[in-house]
>>> print(open('data-v1.tsv').read())   # TSV, C-alpha atoms and all ligand atoms
chain	number	residue	atom	x	y	z
A	6	MET	CA	-27.61	-11.96	-8.45
A	7	PRO	CA	-25.01	-14.67	-9.12
A	8	LYS	CA	-21.40	-13.63	-8.80
A	9	ARG	CA	-19.27	-13.10	-11.90
A	10	CYS	CA	-16.84	-15.98	-12.49
A	11	PHE	CA	-13.43	-16.21	-14.15
A	12	VAL	CA	-11.01	-19.01	-14.95
A	13	GLY	CA	-7.39	-18.61	-13.91
A	14	ILE	CA	-4.61	-20.76	-15.37
A	15	ASP	CA	-1.12	-20.72	-13.86
A	16	LEU	CA	1.29	-22.23	-16.39
A	17	GLY	CA	4.49	-23.62	-14.88
A	18	GLY	CA	7.29	-25.79	-16.22
A	19	THR	CA	6.21	-28.73	-14.02
A	20	ASN	CA	2.51	-28.19	-13.29
A	21	ILE	CA	-0.43	-26.29	-14.72
A	22	LYS	CA	-2.84	-25.06	-12.07
A	23	GLY	CA	-6.34	-24.02	-13.03
A	24	GLY	CA	-9.38	-22.86	-11.15
A	25	VAL	CA	-12.65	-20.99	-11.22
A	26	VAL	CA	-12.58	-17.83	-9.13
A	27	ASP	CA	-15.45	-15.49	-8.38
A	28	GLU	CA	-15.41	-11.70	-8.53
A	29	ASP	CA	-14.36	-11.53	-4.85
A	30	GLY	CA	-11.27	-13.63	-5.50
A	31	LYS	CA	-12.76	-16.74	-3.88
A	32	VAL	CA	-11.67	-20.06	-5.43
A	33	LEU	CA	-14.75	-22.15	-6.33
A	34	CYS	CA	-12.83	-25.07	-7.73
A	35	LYS	CA	-9.19	-25.81	-8.56
A	36	ARG	CA	-7.08	-28.53	-10.08
A	37	SER	CA	-3.42	-29.13	-10.85
A	38	ILE	CA	-2.12	-31.28	-13.72
A	39	ARG	CA	1.34	-32.15	-15.03
A	40	THR	CA	2.58	-29.80	-17.74
A	41	GLU	CA	4.25	-32.59	-19.76
A	42	ALA	CA	6.40	-29.81	-21.21
A	43	GLU	CA	8.65	-32.34	-22.94
A	44	ASN	CA	5.83	-32.95	-25.47
A	45	GLY	CA	6.05	-29.40	-26.81
A	46	PRO	CA	3.74	-26.38	-26.99
A	47	ASP	CA	0.83	-27.88	-28.98
A	48	HIS	CA	0.38	-30.63	-26.42
A	49	VAL	CA	0.60	-28.22	-23.46
A	50	ILE	CA	-1.90	-25.84	-25.06
A	51	ASP	CA	-4.33	-28.76	-25.58
A	52	LEU	CA	-3.95	-29.64	-21.88
A	53	MET	CA	-4.60	-26.01	-20.88
A	54	ALA	CA	-7.77	-25.76	-22.99
A	55	GLN	CA	-9.02	-29.07	-21.53
A	56	LEU	CA	-8.27	-27.81	-18.03
A	57	VAL	CA	-10.39	-24.69	-18.65
A	58	GLU	CA	-13.37	-26.87	-19.67
A	59	ARG	CA	-12.80	-29.27	-16.79
A	60	VAL	CA	-12.68	-26.73	-13.95
A	61	ILE	CA	-15.78	-24.98	-15.30
A	62	ALA	CA	-17.65	-28.32	-15.25
A	63	GLU	CA	-16.30	-29.22	-11.80
A	64	ALA	CA	-17.45	-25.86	-10.44
A	65	GLY	CA	-20.96	-26.86	-11.60
A	66	LEU	CA	-21.04	-24.06	-14.17
A	67	THR	CA	-21.57	-23.83	-17.90
A	68	LYS	CA	-19.28	-21.84	-20.15
A	69	SER	CA	-21.88	-19.10	-20.55
A	70	GLN	CA	-21.58	-18.45	-16.80
A	71	VAL	CA	-17.84	-17.74	-17.08
A	72	GLU	CA	-16.78	-14.31	-18.28
A	73	ALA	CA	-13.16	-14.76	-19.28
A	74	VAL	CA	-9.92	-16.71	-18.91
A	75	GLY	CA	-6.66	-15.32	-17.53
A	76	ILE	CA	-3.32	-17.05	-18.04
A	77	GLY	CA	-0.18	-16.45	-16.00
A	78	SER	CA	2.86	-17.43	-18.04
A	79	PRO	CA	6.52	-17.80	-17.04
A	80	GLY	CA	9.46	-16.11	-18.72
A	81	SER	CA	9.44	-13.29	-21.21
A	82	MET	CA	6.12	-12.62	-22.85
A	83	SER	CA	4.08	-9.84	-24.39
A	84	HIS	CA	0.82	-9.02	-22.67
A	85	THR	CA	-0.11	-6.65	-25.49
A	86	GLN	CA	0.38	-9.24	-28.23
A	87	GLY	CA	-0.64	-12.24	-26.11
A	88	ILE	CA	2.56	-14.02	-27.02
A	89	VAL	CA	4.85	-16.23	-24.94
A	90	ILE	CA	8.33	-15.37	-26.18
A	91	LYS	CA	10.84	-17.89	-24.83
A	92	PRO	CA	10.30	-19.30	-21.34
A	93	PRO	CA	13.43	-21.08	-20.06
A	94	ASN	CA	11.47	-23.96	-18.50
A	95	LEU	CA	9.20	-24.72	-21.48
A	96	PRO	CA	11.32	-26.35	-24.21
A	97	GLY	CA	10.33	-25.63	-27.81
A	98	TRP	CA	8.30	-22.52	-26.99
A	99	GLN	CA	9.22	-19.56	-29.18
A	100	ASP	CA	6.80	-16.71	-29.92
A	101	VAL	CA	3.72	-18.83	-29.20
A	102	PRO	CA	0.43	-16.89	-29.57
A	103	LEU	CA	-0.95	-18.53	-26.43
A	104	ARG	CA	-3.70	-16.01	-25.70
A	105	ASP	CA	-5.41	-16.34	-29.09
A	106	ARG	CA	-5.02	-20.10	-29.24
A	107	ILE	CA	-6.73	-20.58	-25.85
A	108	LYS	CA	-9.35	-18.02	-26.84
A	109	ASN	CA	-10.11	-19.88	-30.09
A	110	MET	CA	-10.16	-23.29	-28.42
A	111	THR	CA	-12.40	-22.30	-25.50
A	112	GLY	CA	-14.48	-19.56	-27.14
A	113	LEU	CA	-13.88	-17.35	-24.09
A	114	PRO	CA	-12.23	-13.90	-23.94
A	115	THR	CA	-8.66	-14.50	-22.80
A	116	THR	CA	-5.81	-12.44	-21.40
A	117	LEU	CA	-2.14	-13.31	-20.93
A	118	GLU	CA	0.01	-11.95	-18.12
A	119	ASN	CA	3.53	-12.50	-16.77
A	120	ASP	CA	3.21	-14.97	-13.87
A	121	ALA	CA	4.91	-12.69	-11.33
A	122	ASN	CA	2.55	-9.85	-12.28
A	123	ALA	CA	-0.42	-12.22	-12.08
A	124	ALA	CA	0.58	-13.43	-8.60
A	125	ALA	CA	1.07	-9.83	-7.44
A	126	TRP	CA	-2.32	-8.89	-8.83
A	127	GLY	CA	-3.82	-11.87	-6.98
A	128	GLU	CA	-2.41	-10.69	-3.64
A	129	PHE	CA	-3.56	-7.14	-4.37
A	130	TRP	CA	-7.05	-8.27	-5.38
A	131	ALA	CA	-7.72	-10.93	-2.76
A	132	GLY	CA	-4.74	-11.37	-0.42
A	133	ALA	CA	-2.18	-9.37	1.56
A	134	GLY	CA	-2.68	-6.21	-0.51
A	135	LYS	CA	-6.48	-6.16	-0.35
A	136	GLY	CA	-7.77	-2.71	0.49
A	137	THR	CA	-4.61	-0.89	-0.63
A	138	ARG	CA	-4.07	1.16	-3.81
A	139	HIS	CA	-0.30	0.84	-3.97
A	140	MET	CA	1.44	-2.51	-3.42
A	141	VAL	CA	4.66	-4.16	-4.53
A	142	MET	CA	5.34	-7.87	-4.35
A	143	LEU	CA	8.63	-9.77	-4.36
A	144	THR	CA	8.38	-13.52	-4.95
A	145	LEU	CA	11.40	-15.32	-3.51
A	146	GLY	CA	11.64	-18.70	-5.20
A	147	THR	CA	14.11	-20.10	-7.71
A	148	GLY	CA	14.46	-16.50	-8.83
A	149	VAL	CA	13.06	-13.23	-7.51
A	150	GLY	CA	9.89	-12.13	-9.28
A	151	GLY	CA	8.43	-8.67	-8.98
A	152	GLY	CA	5.02	-7.10	-9.38
A	153	VAL	CA	4.10	-3.44	-8.95
A	154	ILE	CA	0.59	-2.10	-8.49
A	155	THR	CA	0.39	1.64	-8.39
A	156	ASN	CA	-2.82	3.61	-8.01
A	157	GLY	CA	-4.78	0.37	-8.43
A	158	LYS	CA	-3.11	-0.45	-11.75
A	159	LEU	CA	-0.63	-3.12	-12.71
A	160	MET	CA	2.58	-1.55	-14.01
A	161	ARG	CA	3.67	-3.28	-17.23
A	162	GLY	CA	5.96	-0.82	-19.00
A	163	HIS	CA	6.52	-0.19	-22.70
A	164	PHE	CA	8.01	-3.66	-23.40
A	165	ASP	CA	5.76	-5.46	-20.86
A	166	ASN	CA	8.90	-6.10	-18.79
A	167	ALA	CA	8.38	-3.64	-15.94
A	168	ALA	CA	8.78	-4.70	-12.33
A	169	GLU	CA	11.68	-7.10	-12.93
A	170	LEU	CA	12.82	-6.18	-9.45
A	171	GLY	CA	14.86	-9.36	-9.06
A	172	HIS	CA	17.30	-7.94	-11.59
A	173	TRP	CA	17.94	-4.70	-9.81
A	174	ILE	CA	21.75	-4.50	-9.58
A	175	LEU	CA	22.47	-4.10	-5.86
A	176	GLN	CA	26.13	-5.10	-5.96
A	177	PRO	CA	27.93	-3.76	-9.04
A	178	GLY	CA	30.31	-6.41	-10.37
A	179	GLY	CA	28.91	-8.88	-7.85
A	180	ARG	CA	27.64	-12.44	-8.19
A	181	GLN	CA	26.78	-13.72	-11.65
A	182	CYS	CA	23.00	-13.87	-12.14
A	183	GLY	CA	21.29	-16.29	-14.52
A	184	CYS	CA	20.01	-13.29	-16.50
A	185	GLY	CA	23.49	-12.29	-17.69
A	186	GLN	CA	23.96	-9.36	-15.32
A	187	ARG	CA	26.12	-9.30	-12.21
A	188	GLY	CA	25.10	-8.42	-8.69
A	189	CYS	CA	21.32	-8.72	-9.11
A	190	LEU	CA	19.04	-8.89	-6.07
A	191	GLU	CA	18.09	-12.38	-7.31
A	192	ALA	CA	21.71	-13.59	-7.24
A	193	TYR	CA	21.73	-13.00	-3.46
A	194	ALA	CA	18.21	-13.21	-2.10
A	195	SER	CA	16.21	-15.85	-3.98
A	196	ALA	CA	15.67	-19.14	-2.15
A	197	SER	CA	17.93	-20.92	-4.66
A	198	TYR	CA	20.77	-18.40	-4.52
A	199	THR	CA	20.59	-18.21	-0.71
A	200	ALA	CA	21.09	-21.97	-0.64
A	201	GLN	CA	23.83	-21.72	-3.28
A	202	ARG	CA	25.76	-19.11	-1.27
A	203	ALA	CA	25.67	-21.43	1.74
A	204	THR	CA	26.87	-24.40	-0.32
A	205	GLU	CA	29.74	-22.32	-1.74
A	206	ALA	CA	30.81	-21.12	1.72
A	207	VAL	CA	30.88	-24.68	3.08
A	208	LYS	CA	32.80	-25.92	0.05
A	209	ALA	CA	35.29	-23.07	0.55
A	210	GLY	CA	36.04	-24.58	3.96
A	211	GLU	CA	33.99	-22.48	6.39
A	212	ALA	CA	33.04	-24.46	9.50
A	213	SER	CA	29.32	-25.19	9.75
A	214	SER	CA	26.83	-27.84	10.79
A	215	LEU	CA	25.79	-27.73	7.12
A	216	ALA	CA	29.06	-29.41	6.11
A	217	ASP	CA	27.44	-32.81	6.73
A	218	VAL	CA	24.55	-31.89	4.43
A	219	VAL	CA	26.95	-30.92	1.65
A	220	LYS	CA	28.85	-34.15	2.18
A	221	SER	CA	25.72	-36.34	1.94
A	222	GLN	CA	23.63	-34.39	-0.62
A	223	GLY	CA	26.20	-32.33	-2.50
A	224	GLU	CA	24.28	-29.10	-1.88
A	225	ILE	CA	22.12	-27.29	0.67
A	226	THR	CA	18.49	-26.14	0.38
A	227	SER	CA	17.24	-22.77	1.63
A	228	LYS	CA	15.12	-24.63	4.17
A	229	GLU	CA	18.25	-26.24	5.63
A	230	VAL	CA	19.94	-22.83	5.82
A	231	VAL	CA	17.00	-21.50	7.84
A	232	ILE	CA	16.93	-24.52	10.18
A	233	ALA	CA	20.67	-24.27	10.79
A	234	ALA	CA	20.47	-20.49	11.32
A	235	THR	CA	17.64	-20.90	13.83
A	236	ALA	CA	19.75	-23.51	15.66
A	237	GLY	CA	22.56	-20.95	15.92
A	238	ASP	CA	24.96	-22.10	13.19
A	239	PRO	CA	27.19	-19.03	12.52
A	240	LEU	CA	27.61	-19.58	8.77
A	241	ALA	CA	23.88	-20.15	8.19
A	242	LYS	CA	23.12	-17.06	10.30
A	243	ARG	CA	25.49	-14.95	8.21
A	244	ILE	CA	24.03	-16.23	4.90
A	245	LEU	CA	20.45	-15.58	6.01
A	246	ASP	CA	21.45	-12.18	7.40
A	247	GLU	CA	22.89	-11.25	3.99
A	248	THR	CA	19.67	-12.33	2.27
A	249	CYS	CA	17.73	-10.08	4.65
A	250	TYR	CA	20.21	-7.24	4.06
A	251	TYR	CA	19.73	-7.29	0.28
A	252	LEU	CA	15.96	-7.58	0.66
A	253	ALA	CA	15.99	-4.59	3.02
A	254	ILE	CA	17.91	-2.55	0.40
A	255	ALA	CA	15.32	-3.61	-2.17
A	256	CYS	CA	12.49	-2.52	0.15
A	257	VAL	CA	14.03	0.95	0.63
A	258	ASN	CA	14.54	1.28	-3.14
A	259	ILE	CA	10.92	0.24	-3.71
A	260	GLN	CA	9.84	2.81	-1.11
A	261	HIS	CA	11.52	5.55	-3.12
A	262	ALA	CA	10.48	4.24	-6.54
A	263	THR	CA	6.73	3.79	-6.15
A	264	ASN	CA	6.00	4.70	-2.52
A	265	PRO	CA	3.64	1.81	-1.87
A	266	GLU	CA	1.57	1.22	1.24
A	267	ARG	CA	2.71	-2.39	1.44
A	268	ILE	CA	5.56	-4.57	0.23
A	269	VAL	CA	4.46	-8.20	0.14
A	270	LEU	CA	6.98	-11.05	0.20
A	271	ALA	CA	5.95	-14.39	-1.31
A	272	GLY	CA	7.48	-17.65	-2.54
A	273	GLY	CA	9.27	-20.61	-0.99
A	274	MET	CA	11.68	-18.45	1.01
A	275	ILE	CA	8.92	-17.07	3.27
A	276	ALA	CA	8.64	-20.52	4.88
A	277	ALA	CA	11.60	-19.19	6.92
A	278	GLY	CA	8.97	-17.38	8.97
A	279	GLU	CA	8.48	-14.00	10.54
A	280	ASP	CA	11.33	-14.12	13.09
A	281	ALA	CA	13.98	-15.38	10.65
A	282	LEU	CA	13.04	-13.21	7.66
A	283	LEU	CA	10.44	-10.51	8.19
A	284	VAL	CA	11.68	-9.03	11.47
A	285	PRO	CA	15.33	-8.67	10.32
A	286	ILE	CA	14.25	-7.15	6.97
A	287	ARG	CA	11.99	-4.64	8.74
A	288	THR	CA	14.73	-3.73	11.23
A	289	LYS	CA	17.43	-3.33	8.57
A	290	ALA	CA	15.15	-1.34	6.24
A	291	ALA	CA	14.14	0.98	9.09
A	292	GLY	CA	17.81	1.44	9.92
A	293	MET	CA	18.89	2.39	6.40
A	294	THR	CA	15.95	4.42	5.07
A	295	TRP	CA	16.05	8.21	4.83
A	296	ASN	CA	14.80	10.63	7.48
A	297	ALA	CA	13.16	13.04	5.04
A	298	ALA	CA	9.76	11.42	5.52
A	299	LYS	CA	8.28	8.56	7.49
A	300	ASP	CA	7.07	6.61	4.49
A	301	LEU	CA	8.67	3.17	4.79
A	302	PRO	CA	5.98	0.72	3.59
A	303	GLN	CA	4.61	-2.08	5.73
A	304	ILE	CA	6.61	-5.21	4.90
A	305	MET	CA	4.58	-8.40	5.21
A	306	PHE	CA	4.10	-11.94	3.92
A	307	ALA	CA	1.71	-12.94	1.15
A	308	THR	CA	-1.41	-14.81	2.26
A	309	LEU	CA	-2.62	-16.74	-0.81
A	310	GLY	CA	0.23	-19.29	-0.86
A	311	ASN	CA	0.38	-21.54	-3.92
A	312	ASP	CA	-3.00	-20.27	-5.13
A	313	ALA	CA	-1.74	-16.72	-5.78
A	314	GLY	CA	-0.87	-17.54	-9.40
A	315	LEU	CA	-4.23	-18.96	-10.38
A	316	ILE	CA	-6.25	-16.43	-8.35
A	317	GLY	CA	-4.16	-13.66	-9.87
A	318	ALA	CA	-4.58	-15.02	-13.40
A	319	ALA	CA	-8.36	-15.04	-12.86
A	320	GLY	CA	-8.03	-11.56	-11.38
A	321	CYS	CA	-6.25	-10.43	-14.56
A	322	ALA	CA	-9.23	-11.73	-16.54
A	323	TRP	CA	-11.49	-9.66	-14.26
A	324	LEU	CA	-9.17	-6.66	-14.79
A	325	GLY	CA	-9.20	-7.15	-18.57
A	326	ARG	CA	-13.00	-7.10	-18.54
A	327	GLU	CA	-13.17	-4.08	-16.21
A	328	GLU	CA	-10.80	-2.13	-18.45
A	329	GLY	CA	-12.65	-3.22	-21.60
A	330	GLU	CA	-9.48	-4.81	-22.94
A	331	ILE	CA	-10.98	-8.26	-23.54
B	1	ZN	ZN	19.63	-10.87	-12.89
>>> encode(input="data-v1.tsv", output="structure tokens")
Amino acid sequence: MPKRCFVGIDLGGTNIKGGVVDEDGKVLCKRSIRTEAENGPDHVIDLMAQLVERVIAEAGLTKSQVEAVGIGSPGSMSHTQGIVIKPPNLPGWQDVPLRDRIKNMTGLPTTLENDANAAAWGEFWAGAGKGTRHMVMLTLGTGVGGGVITNGKLMRGHFDNAAELGHWILQPGGRQCGCGQRGCLEAYASASYTAQRATEAVKAGEASSLADVVKSQGEITSKEVVIAATAGDPLAKRILDETCYYLAIACVNIQHATNPERIVLAGGMIAAGEDALLVPIRTKAAGMTWNAAKDLPQIMFATLGNDAGLIGAAGCAWLGREEGEI
């Protein structure tokens, strides 16, 4: 019997990734195109619908052999209504009924999911969380995205805004976060904010090998922080240590909130590697967790890389069909 197939579309401000994924989470075909977001929502939606048709053809399938389409969308959105509300990196988008427009254009059942949730579902379905029932993912990129799967179900919440773990306030009155709050996990531990903290420290006059980078480029990247820390630079080591500290707090809070089997870390920051990121987070979390039970989750890296979004979006289409929602 042929395997069931789904299309996953990962909508980003710069690129749209699309692919055909089978019921085991295996990518049969994938493609990435420019979003051309400057041309507005109608243009982007046309590109997305064309991408659905194209990947189906490139996988050697016909539309009747594809069960559904899943879309992972950035920013605030409503899964229930299928509406993209106002993503910061897609100019001109306001309350766009993306789900129904793609459904009408392609003739396929379609579901819309927050991109962090979709990526988490992808890892749960086919990556680092495979085989578990309870998994939480933190994506450490420009921001910190969260996704919570509990008892095999994606947690969405009443307003479809659950699992915004990046905006957990870990330092009351602390650093200003882009979301309007202060002291969010994101404002310390995302790749961008880790780099920003290093740039600020150098500009404030702290001695570091990164001073030359600031002088030549104006700012530091998270990758440069990791390289400098690995080489023994004291400032870079302190910055990275703080990132690990806040992530360890987040892991202990996650442990107590949903008691997952695994916490999966994803995103650009994990390029830092096991020794620079995972080991210190595990050590710090083990050192600060309670002694009432031995239930600290396994903390590990995601395995699907850049494909997590599109695999997860396809996985959400699979989930929508399984649950009879689409
Ligand atoms: Zn925030």
>>> closest_residue(input="data-v1.tsv", among="A:Met160, A:Leu143, A:Ile225, A:Ala131", to="Thr308 in chain A", atoms="all atoms listed in the file")
A:Ala131
>>> residues_near_ligand(input="data-v1.tsv", ligand="ligand ZN 1 (chain B)", cutoff="12 Å", atoms="all atoms listed in the file", output="PyMOL selection string")
chain A and resi 147-150+169-195+198
>>> write_last_selection(input="data-v1.tsv", atoms="C-alpha atoms", output="PDB file, keeping the file's coordinate frame")
ATOM      1  CA  THR A 147      14.110 -20.100  -7.710  1.00  0.00           C
ATOM      2  CA  GLY A 148      14.460 -16.500  -8.830  1.00  0.00           C
ATOM      3  CA  VAL A 149      13.060 -13.230  -7.510  1.00  0.00           C
ATOM      4  CA  GLY A 150       9.890 -12.130  -9.280  1.00  0.00           C
ATOM      5  CA  GLU A 169      11.680  -7.100 -12.930  1.00  0.00           C
ATOM      6  CA  LEU A 170      12.820  -6.180  -9.450  1.00  0.00           C
ATOM      7  CA  GLY A 171      14.860  -9.360  -9.060  1.00  0.00           C
ATOM      8  CA  HIS A 172      17.300  -7.940 -11.590  1.00  0.00           C
ATOM      9  CA  TRP A 173      17.940  -4.700  -9.810  1.00  0.00           C
ATOM     10  CA  ILE A 174      21.750  -4.500  -9.580  1.00  0.00           C
ATOM     11  CA  LEU A 175      22.470  -4.100  -5.860  1.00  0.00           C
ATOM     12  CA  GLN A 176      26.130  -5.100  -5.960  1.00  0.00           C
ATOM     13  CA  PRO A 177      27.930  -3.760  -9.040  1.00  0.00           C
ATOM     14  CA  GLY A 178      30.310  -6.410 -10.370  1.00  0.00           C
ATOM     15  CA  GLY A 179      28.910  -8.880  -7.850  1.00  0.00           C
ATOM     16  CA  ARG A 180      27.640 -12.440  -8.190  1.00  0.00           C
ATOM     17  CA  GLN A 181      26.780 -13.720 -11.650  1.00  0.00           C
ATOM     18  CA  CYS A 182      23.000 -13.870 -12.140  1.00  0.00           C
ATOM     19  CA  GLY A 183      21.290 -16.290 -14.520  1.00  0.00           C
ATOM     20  CA  CYS A 184      20.010 -13.290 -16.500  1.00  0.00           C
ATOM     21  CA  GLY A 185      23.490 -12.290 -17.690  1.00  0.00           C
ATOM     22  CA  GLN A 186      23.960  -9.360 -15.320  1.00  0.00           C
ATOM     23  CA  ARG A 187      26.120  -9.300 -12.210  1.00  0.00           C
ATOM     24  CA  GLY A 188      25.100  -8.420  -8.690  1.00  0.00           C
ATOM     25  CA  CYS A 189      21.320  -8.720  -9.110  1.00  0.00           C
ATOM     26  CA  LEU A 190      19.040  -8.890  -6.070  1.00  0.00           C
ATOM     27  CA  GLU A 191      18.090 -12.380  -7.310  1.00  0.00           C
ATOM     28  CA  ALA A 192      21.710 -13.590  -7.240  1.00  0.00           C
ATOM     29  CA  TYR A 193      21.730 -13.000  -3.460  1.00  0.00           C
ATOM     30  CA  ALA A 194      18.210 -13.210  -2.100  1.00  0.00           C
ATOM     31  CA  SER A 195      16.210 -15.850  -3.980  1.00  0.00           C
ATOM     32  CA  TYR A 198      20.770 -18.400  -4.520  1.00  0.00           C
TER      33      TYR A 198
END
>>> closest_residue(input="data-v1.tsv", among="A:Asn20, A:Thr85, A:Ser227, A:Asn311", to="Ala200 in chain A", atoms="only C-alpha atoms")
A:Ser227
>>> closest_residue(input="data-v1.tsv", among="A:Leu52, A:Val12, A:Gly317, A:Arg106", to="Thr67 in chain A", atoms="all atoms listed in the file")
A:Val12
>>> closest_residue(input="data-v1.tsv", among="A:Gly292, A:Pro285, A:Pro102, A:Pro302", to="His261 in chain A", atoms="only C-alpha atoms")
A:Pro302
>>> residues_around(input="data-v1.tsv", residues="Asn122 in chain A", least_positions_apart="6", cutoff="12 Å", atoms="only C-alpha atoms", output="ChimeraX atom specification")
/A:15,75-82,84,128-130,140-144,150-154,158-162,165-170,313-318,320-321
>>> residues_around(input="data-v1.tsv", residues="Lys68 in chain A", least_positions_apart="5", cutoff="9 Å", atoms="all atoms listed in the file", output="PyMOL selection string")
chain A and resi 58+61-62+111-113
>>> residues_around(input="data-v1.tsv", residues="Leu145 in chain A", least_positions_apart="5", cutoff="8 Å", atoms="all atoms listed in the file", output="VMD selection string")
chain A and resid 150 194 to 196 270 to 275
>>> closest_residue(input="data-v1.tsv", among="A:Leu16, A:Cys256, A:Val269, A:Val207", to="Asn94 in chain A", atoms="all atoms listed in the file")
A:Leu16
>>> closest_residue(input="data-v1.tsv", among="A:Glu279, A:Glu266, A:Glu63, A:Glu229", to="Gln201 in chain A", atoms="all atoms listed in the file")
A:Glu229
>>> atom_distance(input="data-v1.tsv", atom1="CA of Ile21 in chain A", atom2="CA of Ser37 in chain A")
5.7 Å
>>> atom_distance(input="data-v1.tsv", atom1="CA of Ala276 in chain A", atom2="CA of Val230 in chain A")
11.6 Å
>>> residues_around(input="data-v1.tsv", residues="Thr263 in chain A", least_positions_apart="2", cutoff="8 Å", atoms="only C-alpha atoms", output="VMD selection string")
chain A and resid 139 155 259 to 261 265
>>> decode(input="data-v1.tsv", residues="range 271-327 of chain A", atoms="C-alpha atoms", output="tab-separated table (two decimals), in the first residue's frame")
chain	number	residue	atom	x	y	z
A	271	ALA	CA	16.92	23.91	18.04
A	272	GLY	CA	17.85	26.95	15.94
A	273	GLY	CA	21.04	28.73	14.92
A	274	MET	CA	22.43	28.84	18.47
A	275	ILE	CA	22.87	25.04	18.65
A	276	ALA	CA	25.73	25.35	16.14
A	277	ALA	CA	27.69	26.19	19.32
A	278	GLY	CA	27.80	22.44	19.86
A	279	GLU	CA	27.42	20.01	22.71
A	280	ASP	CA	30.43	21.06	24.80
A	281	ALA	CA	29.75	24.81	24.61
A	282	LEU	CA	25.97	24.70	25.08
A	283	LEU	CA	24.41	21.37	25.97
A	284	VAL	CA	26.83	20.20	28.66
A	285	PRO	CA	26.77	23.49	30.64
A	286	ILE	CA	22.95	23.68	30.43
A	287	ARG	CA	22.61	20.09	31.66
A	288	THR	CA	25.08	20.70	34.50
A	289	LYS	CA	23.46	23.96	35.61
A	290	ALA	CA	19.92	22.53	35.39
A	291	ALA	CA	20.94	19.47	37.42
A	292	GLY	CA	22.50	21.80	39.99
A	293	MET	CA	19.43	23.99	40.45
A	294	THR	CA	16.52	21.55	40.14
A	295	TRP	CA	14.60	20.31	43.17
A	296	ASN	CA	15.33	17.12	45.10
A	297	ALA	CA	11.70	16.09	45.53
A	298	ALA	CA	11.85	13.79	42.51
A	299	LYS	CA	14.39	12.76	39.91
A	300	ASP	CA	12.42	14.00	36.94
A	301	LEU	CA	14.73	16.42	35.13
A	302	PRO	CA	14.07	15.81	31.41
A	303	GLN	CA	16.75	14.76	28.95
A	304	ILE	CA	18.08	17.93	27.32
A	305	MET	CA	19.22	17.39	23.74
A	306	PHE	CA	19.63	18.99	20.32
A	307	ALA	CA	17.07	18.82	17.52
A	308	THR	CA	17.95	16.53	14.61
A	309	LEU	CA	15.92	17.81	11.63
A	310	GLY	CA	17.89	21.04	11.12
A	311	ASN	CA	16.41	23.49	8.63
A	312	ASP	CA	13.82	20.94	7.50
A	313	ALA	CA	12.01	20.90	10.87
A	314	GLY	CA	9.61	23.65	9.77
A	315	LEU	CA	8.46	22.02	6.56
A	316	ILE	CA	8.40	18.48	8.01
A	317	GLY	CA	6.46	19.81	10.98
A	318	ALA	CA	4.01	21.70	8.77
A	319	ALA	CA	3.37	18.48	6.85
A	320	GLY	CA	3.09	16.70	10.19
A	321	CYS	CA	0.43	19.21	11.26
A	322	ALA	CA	-1.50	18.32	8.09
A	323	TRP	CA	-1.20	14.64	9.11
A	324	LEU	CA	-2.35	15.59	12.64
A	325	GLY	CA	-5.30	17.58	11.28
A	326	ARG	CA	-6.42	14.55	9.26
A	327	GLU	CA	-5.91	12.15	12.18
